[in-house]
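Encoded as structure tokens, the structure appears first; notes follow it.
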Amino acid sequence: MRSWIVEPRDPAVFGDGRAVALSNIIRSHELPFPPTVAGLARTRALWGEDGRPRDGRDLAAARAEAKQIATRGPFLVELDDAGEIAELLVPGPRDAAWTGPDDRRVRRRLRPQRLPEGAATDLSGLELVGTDDPIERDKPIPGLRYWRWSELARWLARPADEDVFDAEAMARLGLDHLERELRTHVAIDAAKQTASDGMLFSTEGIRFTAPGRRRLGVLFDCARDDLRTGVVTLGGERRLATLRPARSPWSGKPPAIEGSLVRLVLLTPGLFTDGFLPRFGAGARVTACIVPRPEVVSGWDMEHGRPKPGRRVVPAGSVYWVRVEGDATAWLRERWLQSIADEEQDRRDGFGIVVGGVA
């Protein structure tokens, strides 16, 4: 696959689906969902500047062909002064539990635990997840939202039971959040070309800069290498961005697995037929997982001119422990940076991209 960068020029709006009528504010996710960048890639591959399919394609044929184009992403990247990728930032894994003040953050490893004798749960065969040390500590706090790729690779290959980070080490680990900007708008009466009374609303946009005014962008990989580059619109409100090719930032390979238990981390949101549980088929079974509350993905159906039905997705950063029959390292290698979504179209759209490591 070829790597591509979308660098937003304006604060981008990726609506989270909440009803605007409740607050008159369009709230935004920090990153677009996979279909947003998949739609961008397919449009730039098959449609021309005039808004028609390239090379004289029939509209129906172009739409059918577009759905077959596979993408992987989106991911957050930090850019250098030349606009090239300086760091790849991926969702922080949920099997890292954090406590402590800002100047001394403690990271502890979570993993499946055996139940005490005589205890039982209603988790339908799934094991509980916790720390090996049951001693009560400080109240848990949210961890960093984005980790540097090199840090996640270390966490997958050699996870420590406990680490301590000062403020400088936390900054090296990754990024906490993206800046948000609120803009107020007014609805325009089309007949009078004046503001409509009482029709004020606001949009929450995501500004792609980091502390120190570092440049950030959105990375995705596409099976096509002939996307039209230049100015594009990304997300809602037709906010402007630029699209250009990039050198692939992916490095490293899956770590060797001893035993039969593999730990998978979702790099993009997951879509599964059975809710939060993926289907791996014979020879592999999920034994435990850490999955936060679901997110909802929708969008606009360009073909039929109507909203797409909302679907619940497993958030990126969720973790699954999978018991594998046979060679666990080979099993992980086949799924490294691939989609584990159940439906073929969801896999092409980029849902459920995973990496994995030791349990």
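Convention: chains lettered A, B, ... in structure tokens order; per-chain residue numbering from 1; ligands numbered from 1 as shown.
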
Find the spatial neighbours of A:Asp138, counting only C-alpha atoms, within a cut-off of 10 Å - ignore same-chain residues fewer than 4 positions away - and output them as a PDB file with C-alpha atoms, in the first residue's frame.
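Saved the output as part_13.pdb:
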```
ATOM      1  CA  TRP A  98      -2.173   5.085  34.947  1.00  0.00           C
ATOM      2  CA  THR A  99      -2.057   6.660  38.409  1.00  0.00           C
ATOM      3  CA  GLY A 100      -0.163   9.454  40.158  1.00  0.00           C
ATOM      4  CA  PRO A 101       0.388  13.219  39.764  1.00  0.00           C
ATOM      5  CA  VAL A 106       2.890   5.388  37.233  1.00  0.00           C
TER       6      VAL A 106
END
```

- DSSP on the backbone, then: every residue of stretch 120-236 of chain A marked helix (DSSP H, G or I), written as number ranges by chain. A: 149-157, 167-173

Spatial neighbours of stretch 60-73 of chain A, max dist 8 Å, only C-alpha atoms, sep filter under 4 positions, as a PDB file with C-alpha atoms, in the first residue's frame:
```
ATOM      1  CA  PRO A  34     -12.092   5.130   8.565  1.00  0.00           C
ATOM      2  CA  VAL A  37     -10.536   8.864   4.632  1.00  0.00           C
ATOM      3  CA  ALA A  38     -11.625   5.880   2.525  1.00  0.00           C
ATOM      4  CA  ALA A  41      -9.081   8.262  -1.269  1.00  0.00           C
ATOM      5  CA  ARG A  42     -11.681   6.721  -3.579  1.00  0.00           C
ATOM      6  CA  THR A  43     -12.889  10.098  -4.791  1.00  0.00           C
ATOM      7  CA  LEU A  46     -11.686   7.788  -9.615  1.00  0.00           C
ATOM      8  CA  PRO A  53     -15.713   9.834 -12.997  1.00  0.00           C
ATOM      9  CA  LEU A 219      -1.998   9.426   7.585  1.00  0.00           C
ATOM     10  CA  PHE A 220      -3.707   6.680   5.629  1.00  0.00           C
ATOM     11  CA  ASP A 221      -2.526   3.907   3.330  1.00  0.00           C
ATOM     12  CA  CYS A 222      -4.284   3.142   0.055  1.00  0.00           C
ATOM     13  CA  ALA A 223      -4.062   0.314  -2.442  1.00  0.00           C
ATOM     14  CA  ARG A 224      -4.032   2.901  -5.238  1.00  0.00           C
ATOM     15  CA  THR A 268      -8.503   1.849  14.186  1.00  0.00           C
ATOM     16  CA  GLU A 303     -25.211   7.029  -3.743  1.00  0.00           C
ATOM     17  CA  GLN A 345     -16.406  -4.095   3.042  1.00  0.00           C
ATOM     18  CA  ARG A 347     -12.079  -4.457   6.096  1.00  0.00           C
ATOM     19  CA  ARG A 348     -11.654  -2.493   2.851  1.00  0.00           C
ATOM     20  CA  ASP A 349     -12.814   0.670   4.636  1.00  0.00           C
ATOM     21  CA  GLY A 350     -10.032   0.308   7.221  1.00  0.00           C
ATOM     22  CA  PHE A 351     -11.923  -0.744  10.328  1.00  0.00           C
ATOM     23  CA  ILE A 353      -6.536  -2.634  11.930  1.00  0.00           C
TER      24      ILE A 353
END
```

- Query: Looking only at the backbone, which of the residues in stretch 64-118 of chain A does DSSP tag as strand (DSSP E), as a ChimeraX atom specification?
  - Reply: /A:71-79,85-91,96-99,105-109,111-113

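With atom CA of A:Pro8 on one side and atom CA of A:Arg239 on the other, the separation reads 7.7 Å.
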
- Message: I need the residue nearest A:Leu182 from this list: A:Gly39, A:Gly299, A:Gly205, A:Pro315. Use only C-alpha atoms for the distance.
- Response: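 Distance minimum relative to A:Leu182 lands on A:Gly205.
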
- Compile the contact shell of A:Asp132 as a PyMOL selection string: residues with an atom at most 10 Å away, counting only C-alpha atoms, same-chain residues fewer than 5 positions apart removed. chain A and resi 108-114+161

- Item | Selection near A:Ala187, 6 Å with only C-alpha atoms, sequence-local residues under 2 positions removed, as a VMD selection string | chain A and resid 195 to 196 199

Using only N, CA and C atoms, please write the residues we just selected to a file, as a tab-separated table (two decimals), in the first residue's frame.
```
chain	number	residue	atom	x	y	z
A	195	ALA	N	-29.42	37.24	8.31
A	195	ALA	CA	-29.37	36.25	9.39
A	195	ALA	C	-30.77	35.91	9.88
A	196	SER	N	-31.01	34.62	10.13
A	196	SER	CA	-32.29	34.18	10.67
A	196	SER	C	-32.31	34.41	12.18
A	199	MET	N	-31.12	31.76	15.18
A	199	MET	CA	-30.53	30.57	14.57
A	199	MET	C	-29.00	30.59	14.71
```

- Item | Of the listed residues A:Leu267, A:Ala328, A:Leu128, A:Leu89, that which approaches A:Arg148 most closely, counting only C-alpha atoms | A:Leu89

- Atom-to-atom span, atom CA of A:Arg44 and atom CA of A:Gly310, Å: 25.4 Å

Do you know which residues are at most 8 Å from A:Arg244 counting only C-alpha atoms, after dropping those on the same chain fewer than 2 positions away, and could you put them as a compact mmCIF listing (two decimals) with N, CA and C atoms, in the first residue's frame?
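Written output follows (result23.txt):
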```txt
# COMPACT_ATOMS: atom_id res chain seq x y z
N TRP A 4 -0.23 8.12 2.39
CA TRP A 4 -0.65 9.47 2.01
C TRP A 4 -0.88 10.30 3.26
N ILE A 5 -0.61 11.60 3.16
CA ILE A 5 -0.83 12.54 4.26
C ILE A 5 -1.92 13.53 3.87
N VAL A 6 -2.86 13.73 4.79
CA VAL A 6 -3.82 14.83 4.69
C VAL A 6 -3.46 15.81 5.80
N THR A 229 -3.47 14.67 -6.05
CA THR A 229 -2.99 15.43 -4.90
C THR A 229 -3.49 16.88 -4.99
N GLY A 230 -3.23 17.65 -3.93
CA GLY A 230 -3.62 19.05 -3.92
C GLY A 230 -4.61 19.35 -2.83
N THR A 242 -4.77 19.63 2.56
CA THR A 242 -3.96 19.25 1.40
C THR A 242 -3.65 17.76 1.46
N ALA A 246 3.43 10.19 0.85
CA ALA A 246 4.40 10.22 1.94
C ALA A 246 5.18 8.93 1.96
```

- Just how far from atom CA of A:Phe14 is atom CA of A:Arg27, in Å to one decimal?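 If I compute the distance from atom CA of A:Arg27 to atom CA of A:Phe14, I get 7.8 Å.
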
- Query: Looking at A:Trp300, A:Phe208, A:Trp331, A:Trp336, which one is nearest to A:Ile257, with distances taken over only C-alpha atoms?
  - Reply: A:Trp331

- Nearest to A:Ala256, restricted to only C-alpha atoms and choosing among A:Gly356, A:Arg207, A:Phe272, A:Ser339, comes out as A:Gly356

- Between A:Asp16, A:Arg213, A:Gly352, A:Leu40, single out the one closest to A:Pro278, counting only C-alpha atoms. A:Gly352

Set the distance at 9 Å and use only C-alpha atoms: which residues neighbour A:Ala86 once local chain neighbours fewer than 3 positions away are removed? I'd like the list as a tab-separated table (two decimals) with N, CA and C atoms, in the first residue's frame.
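Dumped to selection_36.tsv:
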```tsv
chain	number	residue	atom	x	y	z
A	77	VAL	N	-0.10	11.74	12.66
A	77	VAL	CA	1.35	11.85	12.46
A	77	VAL	C	1.79	13.27	12.82
A	78	GLU	N	3.02	13.36	13.33
A	78	GLU	CA	3.67	14.65	13.53
A	78	GLU	C	4.57	14.91	12.33
A	79	LEU	N	4.56	16.14	11.82
A	79	LEU	CA	5.30	16.49	10.62
A	79	LEU	C	6.48	17.39	10.95
A	80	ASP	N	7.54	17.26	10.15
A	80	ASP	CA	8.68	18.16	10.32
A	80	ASP	C	8.47	19.43	9.49
A	83	GLY	N	7.32	19.06	6.00
A	83	GLY	CA	6.05	18.39	5.77
A	83	GLY	C	6.14	16.89	5.69
A	249	PRO	N	5.71	5.23	7.23
A	249	PRO	CA	6.35	5.32	8.55
A	249	PRO	C	6.39	4.00	9.30
```

- Message: Could you check the closest approach to A:Leu123 for each of A:Ile340, A:Cys289, A:Met302, A:Leu31 and tell me which residue wins, using only C-alpha atoms?
- Response: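 Closest to A:Leu123, using only C-alpha atoms: A:Cys289.
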